[in-house]
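Asks: Sharing a structure with you now.
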Amino acid sequence: MSTTPAKPAARSLFVPVDCRIVSITELTPQEKLFRVEFPGGADLGHVPGQFVQVSILGLGEAPISVASSPTRRGSFELGVRRAGTLTGAMHRLKEGAVIGIRGPFGRPFDLERMGGKDLLLISGGCGLAPMRSLIQYCQDNPDDFGRITILYGAKSPEDMLFKDEIRDWEASERYACAATVDDVPGGSCYDGPVGQVTRLIPPLRIDPEKTVAAIVGPPVMYRFVIEELKKKGLAEDRIAVSLERQMRCGVGKCGHCTIEHLYCCLDGPVFWLNEVSGLRGAL
Ligand SMILES: Cc1cc2nc3c(=O)[nH]c(=O)nc-3n(C[C@H](O)[C@H](O)[C@H](O)COP(=O)(O)OP(=O)(O)OC[C@H]3O[C@@H](n4cnc5c(N)ncnc54)[C@H](O)[C@@H]3O)c2cc1C
Ligand code: FES
C-alpha cells in the first residue's frame, strides 16, 4: 500500500466527472458508505478534511466529506446520511450506479501543523465519517504523529458509525479510543459508556504543548467540547474545527456558505478555532 497522497488531478471546478459506485455498505438505518471510483481508477487527490460535491442528474448536488484516506488508493469513500432529495436518492442507488463528482474542495486538516503532535480526534454523529479519513491517514503514516486519542459520541448504539473499526481502534495498542452514546433504548444489548462525548475528556491526560485537537460533529457539540479542551489548557490555535454551512457552488462563487468575511467552502471547512471563535454564528 502506498502512503503518499496522490496529487490532485487537473479537473474542471464546475463540470462533474461521472464516477461509479463500486460498493454500498449500510452503516446504520440512516447512513450508508459508498465506495466510489473515478474513471480508470484515478485518485481523487484529496487531503483529509476535504469534501466533494456529489450530483445526480436532475436532482442537484450536495457537499459530502471524504470518509477515506488518500493513502487508500484507487477509490474513495463517502458516508452519507439520508437527509433530503439528493441524499435520499443516493440511498436508493445500487452498486454500479453512476454519480457526478466535483472536487475535492475546501481547506483540509493541517497535516503539517499536526505532524509530530499527539492528536485528540473528537467526533460526534456523522462527523466520524470525515474524521475517519484523518484516522486512516494516521494509521498509514504511523511515524508522523504522536499518541492518537479517538473520542466518539453517537445518539444511540444503533446510530454508531463504523462499529467494527471502532472495536479495532479500541483494541489497538497504538490508539486510545473511547466511544459513548447519549441514550440506550430498551432492548439494546449495548454495555459501553453512556453520556455525551464531553464526558470522555476530563479523565484524559493531555500535554497541551504537545497536543493538537480536531473536532467534527453536529453544531451543538462544539461549544461544550471546546470548553472541556480549554480546561485542559489547549490554546485556540491548537484546536481544529470542521464547520458545515449550506453550500451551492463549493468553490467561492455563490456566497451561500459565508461566515462573516469567510467562505466555508474555500477558507474551511476546517478552521483553527482562533480564526472563527470571534465570528458571529460560526459556532
Ligand atoms: C462541507 C460539508 C460536508 C458535509 N459532509 C457530509 C457527509 O460526509 N455526510 C453527510 O451525510 N452529509 C454531509 N454534509 C451535509 C449534506 O451536504 C446535506 O445533508 C445535504 O446537502 C442535504 O442534501 P439533500 O439534497 O439530500 O437534502 P435537501 O433536500 O437539500 O435538504 C434536506 C434538509 O437538509 C438541510 N441542509 C442542507 N444542507 C445542509 C447543511 N450543510 N447543514 C445542515 N443542514 C443542511 C436543508 O436545509 C433541508 O432542511 C456536509 C455538508 C457540508 C457543508
Ligand atoms: S458554496 Fe458557494 S461560495 Fe461557498
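Each chain of the C-alpha cells is named A, B, ... in the order shown, its residues numbered from 1; ligands are numbered from 1 in display order.
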Dump the neighbourhood of ligand 1 as a ChimeraX atom specification: all residues within 8 Å, distances computed on only C-alpha atoms and all ligand atoms.
Replies: /A:31,50-52,59-67,78-89,106,126-127,129-130,242-247,257,264-265,269
Asks: May I have the residues within 8 Å of ligand 2, computed using only C-alpha atoms and all ligand atoms, as a list in words?
Replies: Gln246, Met247, Arg248, Cys249, Gly250, Val251, Gly252, Lys253, Cys254, Gly255, His256, Cys257, Thr258, Tyr263, Cys264, Cys265 and Leu266 of chain A
Asks: Quick one: write out the picked residues with N, CA, C and O atoms as a CSV table (one decimal), in the first residue's frame?
Replies:
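What ended up in selection27.csv:
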```csv
chain,number,residue,atom,x,y,z
A,246,GLN,N,-24.7,25.6,4.6
A,246,GLN,CA,-25.4,25.2,3.3
A,246,GLN,C,-24.5,25.7,2.2
A,246,GLN,O,-24.0,26.8,2.2
A,247,MET,N,-24.2,24.9,1.2
A,247,MET,CA,-23.4,25.2,0.1
A,247,MET,C,-24.1,25.0,-1.2
A,247,MET,O,-25.0,24.2,-1.3
A,248,ARG,N,-23.6,25.8,-2.2
A,248,ARG,CA,-24.1,25.6,-3.6
A,248,ARG,C,-22.9,25.3,-4.5
A,248,ARG,O,-22.8,24.1,-4.9
A,249,CYS,N,-22.1,26.3,-4.7
A,249,CYS,CA,-21.0,26.1,-5.7
A,249,CYS,C,-19.9,25.3,-5.2
A,249,CYS,O,-19.2,24.5,-5.9
A,250,GLY,N,-19.5,25.5,-3.9
A,250,GLY,CA,-18.4,24.8,-3.3
A,250,GLY,C,-17.1,25.4,-3.7
A,250,GLY,O,-16.0,24.9,-3.2
A,251,VAL,N,-17.1,26.4,-4.5
A,251,VAL,CA,-15.8,27.0,-4.9
A,251,VAL,C,-15.7,28.5,-4.8
A,251,VAL,O,-15.0,29.2,-5.5
A,252,GLY,N,-16.4,29.1,-3.8
A,252,GLY,CA,-16.3,30.5,-3.5
A,252,GLY,C,-16.9,31.5,-4.5
A,252,GLY,O,-16.5,32.6,-4.6
A,253,LYS,N,-17.9,31.0,-5.2
A,253,LYS,CA,-18.6,31.9,-6.2
A,253,LYS,C,-20.0,32.4,-5.8
A,253,LYS,O,-20.4,33.5,-6.2
A,254,CYS,N,-20.7,31.6,-5.1
A,254,CYS,CA,-22.2,31.9,-4.9
A,254,CYS,C,-22.5,32.6,-3.6
A,254,CYS,O,-23.5,33.3,-3.4
A,255,GLY,N,-21.6,32.6,-2.6
A,255,GLY,CA,-21.8,33.3,-1.3
A,255,GLY,C,-22.7,32.6,-0.4
A,255,GLY,O,-23.1,33.2,0.6
A,256,HIS,N,-23.2,31.4,-0.7
A,256,HIS,CA,-24.1,30.7,0.2
A,256,HIS,C,-23.6,30.3,1.6
A,256,HIS,O,-24.3,30.1,2.5
A,257,CYS,N,-22.3,30.1,1.6
A,257,CYS,CA,-21.7,29.5,2.8
A,257,CYS,C,-20.9,30.4,3.7
A,257,CYS,O,-20.1,30.0,4.5
A,258,THR,N,-21.2,31.7,3.6
A,258,THR,CA,-20.3,32.7,4.3
A,258,THR,C,-20.5,32.6,5.8
A,258,THR,O,-21.6,32.4,6.3
A,263,TYR,N,-15.5,32.3,3.6
A,263,TYR,CA,-16.3,31.3,2.8
A,263,TYR,C,-15.9,29.9,3.3
A,263,TYR,O,-14.8,29.5,3.3
A,264,CYS,N,-17.0,29.3,3.9
A,264,CYS,CA,-16.8,28.0,4.5
A,264,CYS,C,-16.2,27.0,3.4
A,264,CYS,O,-15.4,26.1,3.8
A,265,CYS,N,-16.6,27.2,2.2
A,265,CYS,CA,-16.1,26.2,1.1
A,265,CYS,C,-14.7,26.4,0.7
A,265,CYS,O,-14.1,25.5,0.2
A,266,LEU,N,-14.2,27.6,0.9
A,266,LEU,CA,-12.8,27.9,0.5
A,266,LEU,C,-11.8,28.0,1.7
A,266,LEU,O,-10.8,27.5,1.7
```
Asks: Would you please extract all alpha helix (DSSP H) residues from range 30-278 of chain A, as assigned by DSSP on the backbone, and give them as a VMD selection string?
Replies: chain A and resid 85 to 92 111 to 114 128 to 140 163 to 171 219 to 231 273 to 276
Asks: Considering only C-alpha atoms, state which residue in the set A:Phe145, A:Phe34, A:Phe271, A:Phe14 is at the smallest distance from Ile215 in chain A.
Replies: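 For Ile215 in chain A, the nearest of the candidates is A:Phe271.
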Asks: CA of Ile206 in chain A to CA of Glu165 in chain A: how many Å, to one decimal?
Replies: 24.1 Å
Asks: Tell me which protein, DNA and RNA residues are within 10 Å of Lys210 in chain A, counting only C-alpha atoms, leaving out same-chain ones fewer than 3 positions away, and put them as a list of chain:residue names.
Replies: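 Skipping anything fewer than 3 positions along the chain leaves A:Met114, A:Gly116, A:Lys117, A:Asp118, A:Leu119, A:Gly146, A:Arg147, A:Ile206, A:Asp207, A:Leu234, A:Arg238.
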Asks: Can you write just those residues out, C-alpha atoms, as an mmCIF file, in the first residue's frame?
Replies:
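Output saved as selection-v6.cif:
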```
data_model
loop_
_atom_site.group_PDB
_atom_site.id
_atom_site.type_symbol
_atom_site.label_atom_id
_atom_site.label_comp_id
_atom_site.auth_asym_id
_atom_site.auth_seq_id
_atom_site.Cartn_x
_atom_site.Cartn_y
_atom_site.Cartn_z
ATOM 1 C CA MET A 114 -0.380 18.252 13.311
ATOM 2 C CA GLY A 116 4.809 15.119 15.452
ATOM 3 C CA LYS A 117 1.993 16.100 17.862
ATOM 4 C CA ASP A 118 -0.276 13.982 20.000
ATOM 5 C CA LEU A 119 -3.676 14.100 18.326
ATOM 6 C CA GLY A 146 2.497 11.136 18.414
ATOM 7 C CA ARG A 147 -0.116 9.403 20.553
ATOM 8 C CA ILE A 206 -3.072 15.809 27.904
ATOM 9 C CA ASP A 207 0.151 17.741 27.439
ATOM 10 C CA LEU A 234 -5.382 23.724 24.933
ATOM 11 C CA ARG A 238 -4.309 24.040 18.648
#
```
Asks: One decimal, in Å: what's the spacing between CA of Arg20 in chain A and CA of Ile99 in chain A?
Replies: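 Result for CA of Arg20 in chain A versus CA of Ile99 in chain A: 6.5 Å, one decimal.
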Asks: Smallest atom-to-atom distance to Glu112 in chain A: which of A:Val241, A:Pro202, A:Asp144, A:Leu57, using only C-alpha atoms?
Replies: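 Answer, going by the shortest atom-to-atom distance: A:Asp144.
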Asks: Any idea what the distance is between CA of Ala179 in chain A and CA of Pro208 in chain A?
Replies: 22.2 Å
Asks: For Tyr137 in chain A, which of A:Phe224, A:Tyr190, A:Phe109, A:Tyr152 is the closest residue, counting only C-alpha atoms?
Replies: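 Looking at the shortest contact to Tyr137 in chain A, the residue is A:Phe109.
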Asks: Point out the residue among A:His261, A:Arg11, A:Lys155, A:Arg113 with the least atom-to-atom distance to Gly217 in chain A, counting only C-alpha atoms.
Replies: A:Lys155
Asks: Could you pull the residues within 9 Å of Val225 in chain A, counting only C-alpha atoms, minus those fewer than 4 positions along the same chain, as a list in words?
Replies: Ile122, Val197, Thr198, Ile201, Ile215, Met221, Leu229 and Lys230 of chain A
Asks: Got time to write the residues from that selection, N, CA, C and O atoms, as a short mmCIF file (atom, residue, chain, number, x, y, z; two decimals), in the first residue's frame?
Replies:
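File written: out30.cif
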```cif
data_model
loop_
_atom_site.label_atom_id
_atom_site.label_comp_id
_atom_site.auth_asym_id
_atom_site.auth_seq_id
_atom_site.Cartn_x
_atom_site.Cartn_y
_atom_site.Cartn_z
N ILE A 122 -11.89 14.20 18.04
CA ILE A 122 -13.19 14.11 18.71
C ILE A 122 -14.30 14.28 17.67
O ILE A 122 -14.35 15.29 16.96
N VAL A 197 -20.24 12.99 24.62
CA VAL A 197 -18.81 12.80 24.31
C VAL A 197 -17.93 13.69 25.19
O VAL A 197 -16.79 13.33 25.51
N THR A 198 -18.47 14.81 25.64
CA THR A 198 -17.71 15.74 26.51
C THR A 198 -17.25 15.04 27.79
O THR A 198 -16.22 15.38 28.35
N ILE A 201 -13.66 13.60 28.08
CA ILE A 201 -12.47 14.47 28.04
C ILE A 201 -11.81 14.65 29.42
O ILE A 201 -10.59 14.51 29.53
N ILE A 215 -12.06 18.61 15.92
CA ILE A 215 -13.46 18.33 16.27
C ILE A 215 -14.32 18.34 15.00
O ILE A 215 -14.26 19.30 14.22
N MET A 221 -22.44 20.37 19.45
CA MET A 221 -21.36 19.72 20.19
C MET A 221 -20.16 20.64 20.45
O MET A 221 -19.47 20.52 21.47
N LEU A 229 -11.86 21.29 26.38
CA LEU A 229 -10.47 21.30 25.90
C LEU A 229 -9.72 22.49 26.49
O LEU A 229 -8.53 22.39 26.83
N LYS A 230 -10.42 23.61 26.63
CA LYS A 230 -9.76 24.79 27.22
C LYS A 230 -9.42 24.53 28.69
O LYS A 230 -8.38 24.97 29.17
#
```
